[in-house]
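Here's my_file.json, which has JSON, C-alpha atoms:
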[["chain", "number", "residue", "atom", "x", "y", "z"],
["Q", 156, "MET", "CA", 0.00, 0.00, 0.00],
["Q", 157, "ARG", "CA", 1.20, 3.49, -0.69],
["Q", 158, "PRO", "CA", 2.58, 4.93, 2.56],
["Q", 159, "ARG", "CA", 0.97, 8.34, 2.16],
["Q", 160, "LEU", "CA", -2.44, 6.88, 1.41],
["Q", 161, "ALA", "CA", -2.08, 4.50, 4.34],
["Q", 162, "GLY", "CA", -1.08, 7.41, 6.59],
["Q", 163, "LEU", "CA", -4.10, 9.38, 5.45],
["Q", 164, "GLY", "CA", -6.39, 6.39, 6.06],
["Q", 165, "ILE", "CA", -5.08, 5.71, 9.57],
["Q", 166, "GLY", "CA", -5.40, 9.43, 10.29],
["Q", 167, "LEU", "CA", -9.03, 9.43, 9.16],
["Q", 168, "VAL", "CA", -9.88, 6.55, 11.52],
["Q", 169, "PHE", "CA", -7.94, 8.24, 14.33],
["Q", 170, "GLY", "CA", -9.71, 11.57, 13.77],
["Q", 171, "ILE", "CA", -13.17, 10.01, 13.61],
["Q", 172, "VAL", "CA", -12.57, 8.04, 16.82],
["Q", 173, "LEU", "CA", -11.16, 11.10, 18.61],
["Q", 174, "SER", "CA", -14.25, 13.07, 17.58],
["Q", 175, "TRP", "CA", -16.74, 10.34, 18.37],
["Q", 176, "SER", "CA", -15.20, 9.80, 21.80],
["Q", 177, "GLY", "CA", -15.69, 13.50, 22.56],
["Q", 178, "MET", "CA", -11.95, 14.28, 22.82],
["Q", 179, "THR", "CA", -12.45, 17.25, 20.50],
["Q", 180, "SER", "CA", -14.53, 18.97, 23.17],
["Q", 181, "PRO", "CA", -12.58, 21.01, 25.75],
["Q", 182, "GLU", "CA", -15.38, 20.37, 28.25],
["Q", 183, "VAL", "CA", -14.89, 16.61, 28.03],
["Q", 184, "ILE", "CA", -11.12, 16.96, 28.52],
["Q", 185, "ARG", "CA", -11.52, 19.35, 31.42],
["Q", 186, "SER", "CA", -14.05, 17.20, 33.25],
["Q", 187, "ALA", "CA", -11.57, 14.33, 32.99],
["Q", 188, "LEU", "CA", -8.64, 16.42, 34.25],
["Q", 189, "LEU", "CA", -10.79, 17.57, 37.18],
["Q", 190, "PHE", "CA", -11.66, 13.90, 37.93],
["Q", 191, "GLU", "CA", -15.34, 14.53, 37.29],
["Q", 192, "ASP", "CA", -15.52, 11.91, 34.53],
["Q", 193, "SER", "CA", -13.58, 8.66, 34.16],
["Q", 194, "TYR", "CA", -14.16, 8.21, 30.40],
["Q", 195, "LEU", "CA", -10.82, 9.64, 29.22],
["Q", 196, "PHE", "CA", -8.80, 7.45, 31.58],
["Q", 197, "LEU", "CA", -10.67, 4.26, 30.65],
["Q", 198, "PHE", "CA", -10.43, 5.17, 26.96],
["Q", 199, "PHE", "CA", -6.72, 5.92, 27.23],
["Q", 200, "ALA", "CA", -5.91, 2.82, 29.28],
["Q", 201, "SER", "CA", -7.82, 0.52, 26.91],
["Q", 202, "ALA", "CA", -6.03, 2.09, 23.92],
["Q", 203, "VAL", "CA", -2.62, 1.54, 25.53],
["Q", 204, "ALA", "CA", -3.51, -2.02, 26.59],
["Q", 205, "THR", "CA", -4.68, -2.93, 23.07],
["Q", 206, "ALA", "CA", -1.62, -1.36, 21.45],
["Q", 207, "ALA", "CA", 0.77, -2.97, 23.94],
["Q", 208, "ILE", "CA", -0.59, -6.46, 23.28],
["Q", 209, "GLY", "CA", -0.55, -5.93, 19.51],
["Q", 210, "LEU", "CA", 2.97, -4.53, 19.51],
["Q", 211, "GLN", "CA", 4.31, -7.40, 21.61],
["Q", 212, "LEU", "CA", 2.75, -9.92, 19.21],
["Q", 213, "LEU", "CA", 4.29, -8.13, 16.22],
["Q", 214, "ARG", "CA", 7.64, -7.99, 17.96],
["Q", 215, "ARG", "CA", 7.58, -11.68, 18.83],
["Q", 216, "GLY", "CA", 6.73, -12.43, 15.23],
["Q", 217, "GLN", "CA", 9.91, -10.44, 14.45],
["Q", 218, "ARG", "CA", 8.01, -8.27, 12.03],
["Q", 219, "VAL", "CA", 9.02, -5.04, 13.71],
["Q", 220, "ALA", "CA", 11.69, -3.72, 16.05],
["Q", 221, "TRP", "CA", 12.19, -0.70, 18.21],
["Q", 222, "THR", "CA", 14.43, 0.60, 20.93],
["Q", 223, "THR", "CA", 13.37, 2.56, 24.00],
["Q", 224, "GLU", "CA", 15.01, 5.45, 25.82],
["Q", 225, "ARG", "CA", 15.75, 6.10, 29.47],
["Q", 226, "PRO", "CA", 14.00, 9.18, 30.84],
["Q", 227, "ALA", "CA", 16.13, 12.28, 30.37],
["Q", 228, "ARG", "CA", 15.70, 15.87, 31.46],
["Q", 229, "ARG", "CA", 14.13, 16.85, 28.14],
["Q", 230, "HIS", "CA", 11.29, 14.35, 28.53],
["Q", 231, "ILE", "CA", 10.33, 15.81, 31.89],
["Q", 232, "VAL", "CA", 10.84, 19.50, 31.07],
["Q", 233, "GLY", "CA", 9.12, 19.15, 27.70],
["Q", 234, "SER", "CA", 6.15, 17.35, 29.27],
["Q", 235, "LEU", "CA", 5.83, 20.00, 31.98],
["Q", 236, "VAL", "CA", 5.65, 22.68, 29.28],
["Q", 237, "PHE", "CA", 3.27, 20.55, 27.20],
["Q", 238, "GLY", "CA", 1.09, 19.79, 30.23],
["Q", 239, "VAL", "CA", 0.58, 23.49, 30.98],
["Q", 240, "GLY", "CA", -0.54, 24.13, 27.40],
["Q", 241, "TRP", "CA", -2.82, 21.09, 27.46],
["Q", 242, "GLY", "CA", -4.35, 21.99, 30.83],
["Q", 243, "VAL", "CA", -5.07, 25.56, 29.74],
["Q", 244, "SER", "CA", -6.45, 24.79, 26.26],
["Q", 245, "ASP", "CA", -7.97, 21.35, 27.01],
["Q", 246, "ALA", "CA", -6.73, 20.31, 23.60],
["Q", 247, "CYS", "CA", -3.70, 18.30, 22.57],
["Q", 248, "PRO", "CA", -2.33, 17.97, 19.01],
["Q", 249, "GLY", "CA", -4.86, 15.37, 17.74],
["Q", 250, "PRO", "CA", -7.96, 17.17, 19.02],
["Q", 251, "ILE", "CA", -6.62, 20.50, 17.71],
["Q", 252, "ALA", "CA", -6.73, 18.98, 14.22],
["Q", 253, "THR", "CA", -10.20, 17.47, 14.72],
["Q", 254, "GLN", "CA", -11.51, 20.79, 16.08],
["Q", 255, "ILE", "CA", -10.44, 22.52, 12.88],
["Q", 256, "GLY", "CA", -11.83, 19.65, 10.82],
["Q", 257, "GLN", "CA", -15.16, 20.04, 12.60],
["Q", 258, "GLY", "CA", -15.16, 23.74, 11.72],
["Q", 259, "ILE", "CA", -14.40, 25.09, 15.18],
["Q", 260, "GLY", "CA", -12.55, 28.35, 14.59],
["Q", 261, "TRP", "CA", -10.96, 28.54, 18.05],
["Q", 262, "GLY", "CA", -8.74, 25.63, 17.04],
["Q", 263, "LEU", "CA", -6.98, 27.83, 14.49],
["Q", 264, "TRP", "CA", -5.48, 29.89, 17.32],
["Q", 265, "THR", "CA", -4.15, 26.79, 19.06],
["Q", 266, "LEU", "CA", -2.86, 25.36, 15.78],
["Q", 267, "ALA", "CA", -1.03, 28.62, 14.99],
["Q", 268, "GLY", "CA", 0.61, 28.35, 18.41],
["Q", 269, "VAL", "CA", 1.63, 24.72, 17.82],
["Q", 270, "VAL", "CA", 3.18, 25.61, 14.47],
["Q", 271, "ILE", "CA", 5.14, 28.45, 16.12],
["Q", 272, "GLY", "CA", 6.24, 26.16, 18.98],
["Q", 273, "VAL", "CA", 7.36, 23.39, 16.62],
["Q", 274, "TYR", "CA", 9.14, 25.96, 14.43],
["Q", 275, "LEU", "CA", 10.96, 27.47, 17.41],
["Q", 276, "PHE", "CA", 12.15, 24.00, 18.37],
["Q", 277, "LEU", "CA", 13.23, 23.00, 14.87],
["Q", 278, "ARG", "CA", 15.10, 26.29, 14.43],
["Q", 279, "HIS", "CA", 17.64, 25.33, 17.06],
["Q", 280, "SER", "CA", 17.48, 21.53, 16.87],
["Q", 281, "GLU", "CA", 17.46, 19.00, 14.12],
["Q", 282, "GLU", "CA", 14.39, 16.86, 13.60],
["Q", 283, "THR", "CA", 14.55, 14.22, 16.34],
["Q", 284, "GLU", "CA", 11.71, 11.89, 15.45],
["Q", 285, "PRO", "CA", 12.43, 9.54, 12.56],
["Q", 286, "ALA", "CA", 9.63, 8.61, 10.15],
["Q", 287, "THR", "CA", 10.68, 5.00, 10.58],
["Q", 288, "ASP", "CA", 12.53, 3.36, 13.45],
["Q", 289, "PRO", "CA", 15.79, 1.69, 12.46],
["Q", 290, "VAL", "CA", 15.46, -2.06, 12.08],
["Q", 291, "PRO", "CA", 18.43, -3.99, 13.43],
["Q", 292, "VAL", "CA", 19.94, -6.57, 11.09],
["Q", 293, "PRO", "CA", 18.51, -9.98, 12.13],
["Q", 294, "GLY", "CA", 20.90, -12.49, 13.61],
["P", 113, "MET", "CA", -22.95, 16.92, 22.54],
["P", 114, "LEU", "CA", -25.12, 16.20, 19.56],
["P", 115, "ASN", "CA", -24.68, 12.47, 19.63],
["P", 116, "PRO", "CA", -23.67, 9.88, 22.21],
["P", 117, "GLN", "CA", -20.05, 9.28, 23.01],
["P", 118, "LEU", "CA", -18.71, 6.06, 21.54],
["P", 119, "ALA", "CA", -18.23, 3.55, 24.38],
["P", 120, "TRP", "CA", -14.69, 3.73, 25.78],
["P", 121, "TYR", "CA", -14.17, -0.01, 25.32],
["P", 122, "VAL", "CA", -14.77, 0.42, 21.60],
["P", 123, "ALA", "CA", -13.03, 3.78, 21.09],
["P", 124, "GLY", "CA", -9.89, 2.88, 23.09],
["P", 125, "PRO", "CA", -9.11, -0.37, 21.26],
["P", 126, "LEU", "CA", -9.72, 1.37, 17.91],
["P", 127, "LEU", "CA", -7.02, 3.94, 18.76],
["P", 128, "GLY", "CA", -4.80, 1.05, 19.86],
["P", 129, "LEU", "CA", -5.30, -0.55, 16.44],
["P", 130, "CYS", "CA", -4.14, 2.70, 14.80],
["P", 131, "VAL", "CA", -0.92, 2.49, 16.83],
["P", 132, "ILE", "CA", -0.46, -1.15, 15.77],
["P", 133, "ALA", "CA", -1.14, -0.27, 12.11],
["P", 134, "CYS", "CA", 1.60, 2.41, 12.14],
["P", 135, "ARG", "CA", 4.06, -0.08, 13.59],
["P", 136, "LEU", "CA", 3.08, -2.78, 11.10],
["P", 137, "LEU", "CA", 3.04, -0.58, 7.99],
["P", 138, "PHE", "CA", 5.79, 1.94, 8.74],
["P", 139, "ASN", "CA", 7.68, 0.40, 11.69],
["P", 140, "ALA", "CA", 7.11, 3.73, 13.40],
["P", 141, "ARG", "CA", 5.40, 5.33, 16.36],
["P", 142, "LEU", "CA", 2.04, 6.92, 15.76],
["P", 143, "GLY", "CA", 2.38, 10.57, 16.76],
["P", 144, "VAL", "CA", 0.31, 13.59, 15.85],
["P", 145, "THR", "CA", 3.07, 16.06, 16.78],
["P", 146, "GLY", "CA", 5.43, 14.14, 14.49],
["P", 147, "GLY", "CA", 2.98, 14.90, 11.69],
["P", 148, "TYR", "CA", 2.85, 18.63, 12.38],
["P", 149, "SER", "CA", 6.61, 18.62, 12.70],
["P", 150, "ALA", "CA", 7.07, 16.81, 9.38],
["P", 151, "ILE", "CA", 4.91, 19.44, 7.68],
["P", 152, "VAL", "CA", 6.58, 22.42, 9.39],
["P", 153, "ASP", "CA", 10.01, 20.99, 8.58],
["P", 154, "ARG", "CA", 9.19, 20.53, 4.89],
["P", 155, "VAL", "CA", 7.53, 23.91, 4.50],
["P", 156, "ARG", "CA", 10.48, 25.54, 6.28],
["P", 157, "HIS", "CA", 12.70, 24.16, 3.53],
["P", 158, "GLY", "CA", 10.33, 25.41, 0.84],
["P", 159, "GLU", "CA", 8.85, 22.03, 0.00],
["P", 160, "LEU", "CA", 5.26, 20.87, -0.01],
["P", 161, "SER", "CA", 5.81, 17.14, -0.16],
["P", 162, "PHE", "CA", 5.16, 15.27, 3.09],
["P", 163, "ASP", "CA", 5.87, 11.72, 4.18],
["P", 164, "TRP", "CA", 3.18, 9.49, 5.74],
["P", 165, "ARG", "CA", 3.24, 11.48, 9.01],
["P", 166, "GLY", "CA", 2.09, 14.68, 7.35],
["P", 167, "TRP", "CA", -0.69, 12.82, 5.58],
["P", 168, "PHE", "CA", -1.65, 11.19, 8.86],
["P", 169, "VAL", "CA", -2.33, 14.60, 10.43],
["P", 170, "ILE", "CA", -4.28, 15.70, 7.37],
["P", 171, "GLY", "CA", -6.33, 12.52, 7.83],
["P", 172, "VAL", "CA", -6.97, 13.31, 11.51],
["P", 173, "LEU", "CA", -8.25, 16.77, 10.53],
["P", 174, "PHE", "CA", -10.60, 15.38, 7.90],
["P", 175, "GLY", "CA", -11.68, 12.68, 10.35],
["P", 176, "GLY", "CA", -13.12, 15.59, 12.34],
["P", 177, "THR", "CA", -14.88, 16.81, 9.20],
["P", 178, "VAL", "CA", -16.36, 13.39, 8.46],
["P", 179, "PHE", "CA", -17.65, 13.19, 12.03],
["P", 180, "ALA", "CA", -19.16, 16.70, 11.95],
["P", 181, "LEU", "CA", -20.91, 15.96, 8.65],
["P", 182, "ALA", "CA", -22.30, 12.66, 9.98],
["P", 183, "ALA", "CA", -23.32, 14.18, 13.33],
["P", 184, "GLY", "CA", -24.84, 17.29, 11.78],
["P", 185, "GLY", "CA", -22.37, 19.73, 13.31],
["P", 186, "PRO", "CA", -19.48, 20.05, 15.74],
["P", 187, "ASP", "CA", -19.87, 18.31, 19.09],
["P", 188, "PHE", "CA", -19.64, 21.44, 21.25],
["P", 189, "HIS", "CA", -20.16, 25.20, 21.22],
["P", 190, "GLY", "CA", -18.19, 27.94, 22.93],
["P", 191, "TYR", "CA", -14.78, 26.93, 24.21],
["P", 192, "GLY", "CA", -15.08, 25.31, 27.61],
["P", 193, "TRP", "CA", -13.87, 27.10, 30.70],
["P", 194, "LEU", "CA", -12.01, 29.73, 28.68],
["P", 195, "THR", "CA", -15.09, 31.30, 27.05],
["P", 196, "GLU", "CA", -17.00, 30.92, 30.34],
["P", 197, "SER", "CA", -14.35, 32.64, 32.48],
["P", 198, "LEU", "CA", -12.51, 35.06, 30.22],
["P", 199, "ASP", "CA", -13.37, 38.04, 28.06],
["P", 200, "HIS", "CA", -13.79, 36.56, 24.57],
["P", 201, "ALA", "CA", -11.12, 38.90, 23.19],
["P", 202, "LEU", "CA", -8.59, 37.12, 25.41],
["P", 203, "VAL", "CA", -9.48, 33.54, 24.52],
["P", 204, "GLY", "CA", -7.72, 33.53, 21.12],
["P", 205, "PRO", "CA", -4.40, 34.88, 22.44],
["P", 206, "VAL", "CA", -4.55, 32.47, 25.42],
["P", 207, "LEU", "CA", -5.09, 29.54, 23.02],
["P", 208, "LEU", "CA", -2.23, 30.81, 20.85],
["P", 209, "GLY", "CA", 0.09, 30.88, 23.86],
["P", 210, "ALA", "CA", -1.08, 27.44, 25.01],
["P", 211, "GLY", "CA", -0.42, 26.18, 21.49],
["P", 212, "VAL", "CA", 3.18, 27.41, 21.57],
["P", 213, "LEU", "CA", 3.71, 25.52, 24.85],
["P", 214, "ILE", "CA", 2.08, 22.40, 23.37],
["P", 215, "GLY", "CA", 4.17, 22.48, 20.19],
["P", 216, "TYR", "CA", 7.49, 23.30, 21.80],
["P", 217, "GLY", "CA", 6.96, 21.07, 24.81],
["P", 218, "ALA", "CA", 5.92, 18.06, 22.73],
["P", 219, "LYS", "CA", 8.96, 18.43, 20.48],
["P", 220, "LEU", "CA", 11.30, 18.75, 23.45],
["P", 221, "ALA", "CA", 9.73, 15.72, 25.15],
["P", 222, "GLY", "CA", 9.83, 13.69, 21.93],
["P", 223, "GLY", "CA", 6.07, 13.25, 21.78],
["P", 224, "CYS", "CA", 2.62, 14.40, 22.87],
["P", 225, "THR", "CA", -0.42, 12.55, 24.20],
["P", 226, "SER", "CA", -0.28, 10.24, 21.17],
["P", 227, "GLY", "CA", 3.48, 9.87, 20.54],
["P", 228, "ASN", "CA", 4.53, 9.42, 24.17],
["P", 229, "GLY", "CA", 1.16, 8.78, 25.80],
["P", 230, "LEU", "CA", -0.31, 6.14, 23.48],
["P", 231, "SER", "CA", 2.57, 4.83, 21.40],
["P", 232, "GLY", "CA", 5.52, 5.22, 23.75],
["P", 233, "THR", "CA", 3.78, 3.75, 26.79],
["P", 234, "SER", "CA", 2.49, 0.80, 24.76],
["P", 235, "MET", "CA", 6.13, 0.22, 23.68],
["P", 236, "LEU", "CA", 6.94, 0.23, 27.43],
["P", 237, "SER", "CA", 9.44, 3.03, 26.86],
["P", 238, "PRO", "CA", 10.67, 4.36, 30.23],
["P", 239, "ALA", "CA", 11.10, 7.85, 28.74],
["P", 240, "SER", "CA", 7.52, 7.86, 27.46],
["P", 241, "LEU", "CA", 6.15, 6.55, 30.77],
["P", 242, "ALA", "CA", 7.94, 9.39, 32.59],
["P", 243, "ALA", "CA", 6.74, 11.93, 30.01],
["P", 244, "THR", "CA", 3.13, 10.68, 30.21],
["P", 245, "ALA", "CA", 3.06, 10.76, 34.01],
["P", 246, "THR", "CA", 4.51, 14.28, 33.91],
["P", 247, "PHE", "CA", 2.08, 15.79, 31.42],
["P", 248, "PHE", "CA", -0.97, 14.17, 32.99],
["P", 249, "ALA", "CA", 0.06, 15.39, 36.45],
["P", 250, "THR", "CA", 0.81, 18.87, 35.11],
["P", 251, "ALA", "CA", -2.45, 19.21, 33.19],
["P", 252, "ILE", "CA", -4.42, 17.98, 36.22],
["P", 253, "ALA", "CA", -2.65, 20.50, 38.47],
["P", 254, "VAL", "CA", -3.28, 23.32, 35.99],
["P", 255, "SER", "CA", -6.96, 22.38, 35.72],
["P", 256, "PHE", "CA", -7.50, 22.33, 39.49],
["P", 257, "SER", "CA", -5.57, 25.61, 39.87],
["P", 258, "THR", "CA", -7.52, 27.45, 37.19],
["P", 259, "GLU", "CA", -10.78, 26.00, 38.55],
["P", 260, "ALA", "CA", -9.93, 27.46, 41.97],
["P", 261, "VAL", "CA", -8.91, 30.90, 40.64],
["P", 262, "PHE", "CA", -11.49, 31.59, 37.90]]
Show how you would write the structure in this file as structure tokens.
Amino acid sequence: MRPRLAGLGIGLVFGIVLSWSGMTSPEVIRSALLFEDSYLFLFFASAVATAAIGLQLLRRGQRVAWTTERPARRHIVGSLVFGVGWGVSDACPGPIATQIGQGIGWGLWTLAGVVIGVYLFLRHSEETEPATDPVPVPG
Amino acid sequence: MLNPQLAWYVAGPLLGLCVIACRLLFNARLGVTGGYSAIVDRVRHGELSFDWRGWFVIGVLFGGTVFALAAGGPDFHGYGWLTESLDHALVGPVLLGAGVLIGYGAKLAGGCTSGNGLSGTSMLSPASLAATATFFATAIAVSFSTEAVF
């Protein structure tokens, strides 16, 4: 399958599910972060559990490979900064895109900020996230 | 909300399958910030050709459109606590500032709620587990603080 088309297709499913689960709505996110509603946590945990099982099966079948990192200062500092932005806007990168897709104009402000933030980072650092993880030579 | 929320035990596993599909097809982490970053990086170099990650984000955006068309409109009005508590003229600039923190912070941390939160934790990456615990704790603290002040 063509990678770009596949990426677009997975994105469509991801965006529809994010919307249908209410993650596009800042009120839903906020009620979760204030512990008024357990949906987000159950949703998130079941997503991670499903993905973890699937990834382990793929890895055992030796179809894929990845390496993991130890926590470093940047993971903590970056997540503190990210968490402030998320807690204020009640939107993270996926829901910002689905807000705009749903025609919610407020999302354009947040998106403009994300683009500036990503640009500021890329200006002083090289791209850190590879499009594909390196696969070690078998054997 | 104009239509009922999809049950968490259906929605969660569907997102998990998206993570698995990215690993199977691209041997890569699913990450929305990676998509924005791929687009910003290309445009910065004067190009308009994106790899799968850029197209993934475009798909997420249009996923929102498909949902809104099927549901007969967006699933909320106003903008949560911000439009309830602040002068509307301030909400845009506040969202812009929050967006800068989201974009820069996610890049620094090597992922956002999807890249570290969903994909990294399901890979059992210690860095992603630390990042996820940190941003959840921070966002919860910010929410309780703003709830108390405004």
Write out as a list in words the residues lying within 8 Å of Gly147 of chain P, counting all atoms listed in the file and excluding same-chain residues fewer than 3 positions away.
Gly143, Val144, Ala150, Ile151, Arg165, Gly166, Trp167, Phe168 and Val169 of chain P
Excluding same-chain residues fewer than 6 positions from Tyr274 of chain Q, what lies within 12 Å of it counting only C-alpha atoms, as number ranges by chain?
Q: 267-268, 280-282; P: 145, 148-157, 211-220
Best match for closeness to chain Q among P:Ala260, P:Leu208, P:Ala133, P:Leu194, counting only C-alpha atoms:
P:Leu208
Fewer than 6 positions away in the same chain doesn't count, so skip those; otherwise give me all residues within 7 Å of Ser240 of chain P, counting all atoms listed in the file, as JSON, numbers by chain.
{"P": [228, 229, 232, 233]}
Can you measure atom CA of Pro238 of chain P to atom CA of Pro250 of chain Q for me? One decimal in Å is fine.
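Going from atom CA of Pro238 of chain P over to atom CA of Pro250 of chain Q covers 25.2 Å.
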Would you mind completing segment 154-170 of chain P to N, CA and C atoms and writing the output as a PDB file, keeping the file's coordinate frame?
ATOM      1  N   ARG P 154       9.170  20.478   6.361  1.00  0.00           N
ATOM      2  CA  ARG P 154       9.190  20.530   4.890  1.00  0.00           C
ATOM      3  C   ARG P 154       8.942  21.949   4.397  1.00  0.00           C
ATOM      4  N   VAL P 155       7.902  22.569   4.956  1.00  0.00           N
ATOM      5  CA  VAL P 155       7.530  23.910   4.500  1.00  0.00           C
ATOM      6  C   VAL P 155       8.674  24.892   4.767  1.00  0.00           C
ATOM      7  N   ARG P 156       9.343  24.694   5.909  1.00  0.00           N
ATOM      8  CA  ARG P 156      10.480  25.540   6.280  1.00  0.00           C
ATOM      9  C   ARG P 156      11.575  25.465   5.211  1.00  0.00           C
ATOM     10  N   HIS P 157      11.699  24.317   4.572  1.00  0.00           N
ATOM     11  CA  HIS P 157      12.700  24.160   3.530  1.00  0.00           C
ATOM     12  C   HIS P 157      12.103  24.390   2.134  1.00  0.00           C
ATOM     13  N   GLY P 158      10.930  25.034   2.118  1.00  0.00           N
ATOM     14  CA  GLY P 158      10.330  25.410   0.840  1.00  0.00           C
ATOM     15  C   GLY P 158       9.761  24.258   0.040  1.00  0.00           C
ATOM     16  N   GLU P 159       9.415  23.163   0.734  1.00  0.00           N
ATOM     17  CA  GLU P 159       8.850  22.030   0.000  1.00  0.00           C
ATOM     18  C   GLU P 159       7.429  21.756   0.482  1.00  0.00           C
ATOM     19  N   LEU P 160       6.639  21.175  -0.384  1.00  0.00           N
ATOM     20  CA  LEU P 160       5.260  20.870  -0.010  1.00  0.00           C
ATOM     21  C   LEU P 160       4.961  19.380  -0.146  1.00  0.00           C
ATOM     22  N   SER P 161       6.000  18.567  -0.028  1.00  0.00           N
ATOM     23  CA  SER P 161       5.810  17.140  -0.160  1.00  0.00           C
ATOM     24  C   SER P 161       6.068  16.481   1.187  1.00  0.00           C
ATOM     25  N   PHE P 162       5.050  15.828   1.745  1.00  0.00           N
ATOM     26  CA  PHE P 162       5.160  15.270   3.090  1.00  0.00           C
ATOM     27  C   PHE P 162       5.240  13.753   3.052  1.00  0.00           C
ATOM     28  N   ASP P 163       5.896  13.177   4.073  1.00  0.00           N
ATOM     29  CA  ASP P 163       5.870  11.720   4.180  1.00  0.00           C
ATOM     30  C   ASP P 163       4.554  11.295   4.843  1.00  0.00           C
ATOM     31  N   TRP P 164       4.443  10.025   5.217  1.00  0.00           N
ATOM     32  CA  TRP P 164       3.180   9.490   5.740  1.00  0.00           C
ATOM     33  C   TRP P 164       2.696  10.259   6.972  1.00  0.00           C
ATOM     34  N   ARG P 165       3.648  10.815   7.762  1.00  0.00           N
ATOM     35  CA  ARG P 165       3.240  11.480   9.010  1.00  0.00           C
ATOM     36  C   ARG P 165       2.444  12.735   8.746  1.00  0.00           C
ATOM     37  N   GLY P 166       2.852  13.489   7.714  1.00  0.00           N
ATOM     38  CA  GLY P 166       2.090  14.680   7.350  1.00  0.00           C
ATOM     39  C   GLY P 166       0.696  14.315   6.883  1.00  0.00           C
ATOM     40  N   TRP P 167       0.619  13.264   6.070  1.00  0.00           N
ATOM     41  CA  TRP P 167      -0.690  12.820   5.580  1.00  0.00           C
ATOM     42  C   TRP P 167      -1.548  12.252   6.695  1.00  0.00           C
ATOM     43  N   PHE P 168      -0.904  11.684   7.701  1.00  0.00           N
ATOM     44  CA  PHE P 168      -1.650  11.190   8.860  1.00  0.00           C
ATOM     45  C   PHE P 168      -2.388  12.346   9.550  1.00  0.00           C
ATOM     46  N   VAL P 169      -1.688  13.457   9.775  1.00  0.00           N
ATOM     47  CA  VAL P 169      -2.330  14.600  10.430  1.00  0.00           C
ATOM     48  C   VAL P 169      -3.452  15.169   9.575  1.00  0.00           C
ATOM     49  N   ILE P 170      -3.231  15.219   8.268  1.00  0.00           N
ATOM     50  CA  ILE P 170      -4.280  15.700   7.370  1.00  0.00           C
ATOM     51  C   ILE P 170      -5.501  14.782   7.499  1.00  0.00           C
TER      52      ILE P 170
END
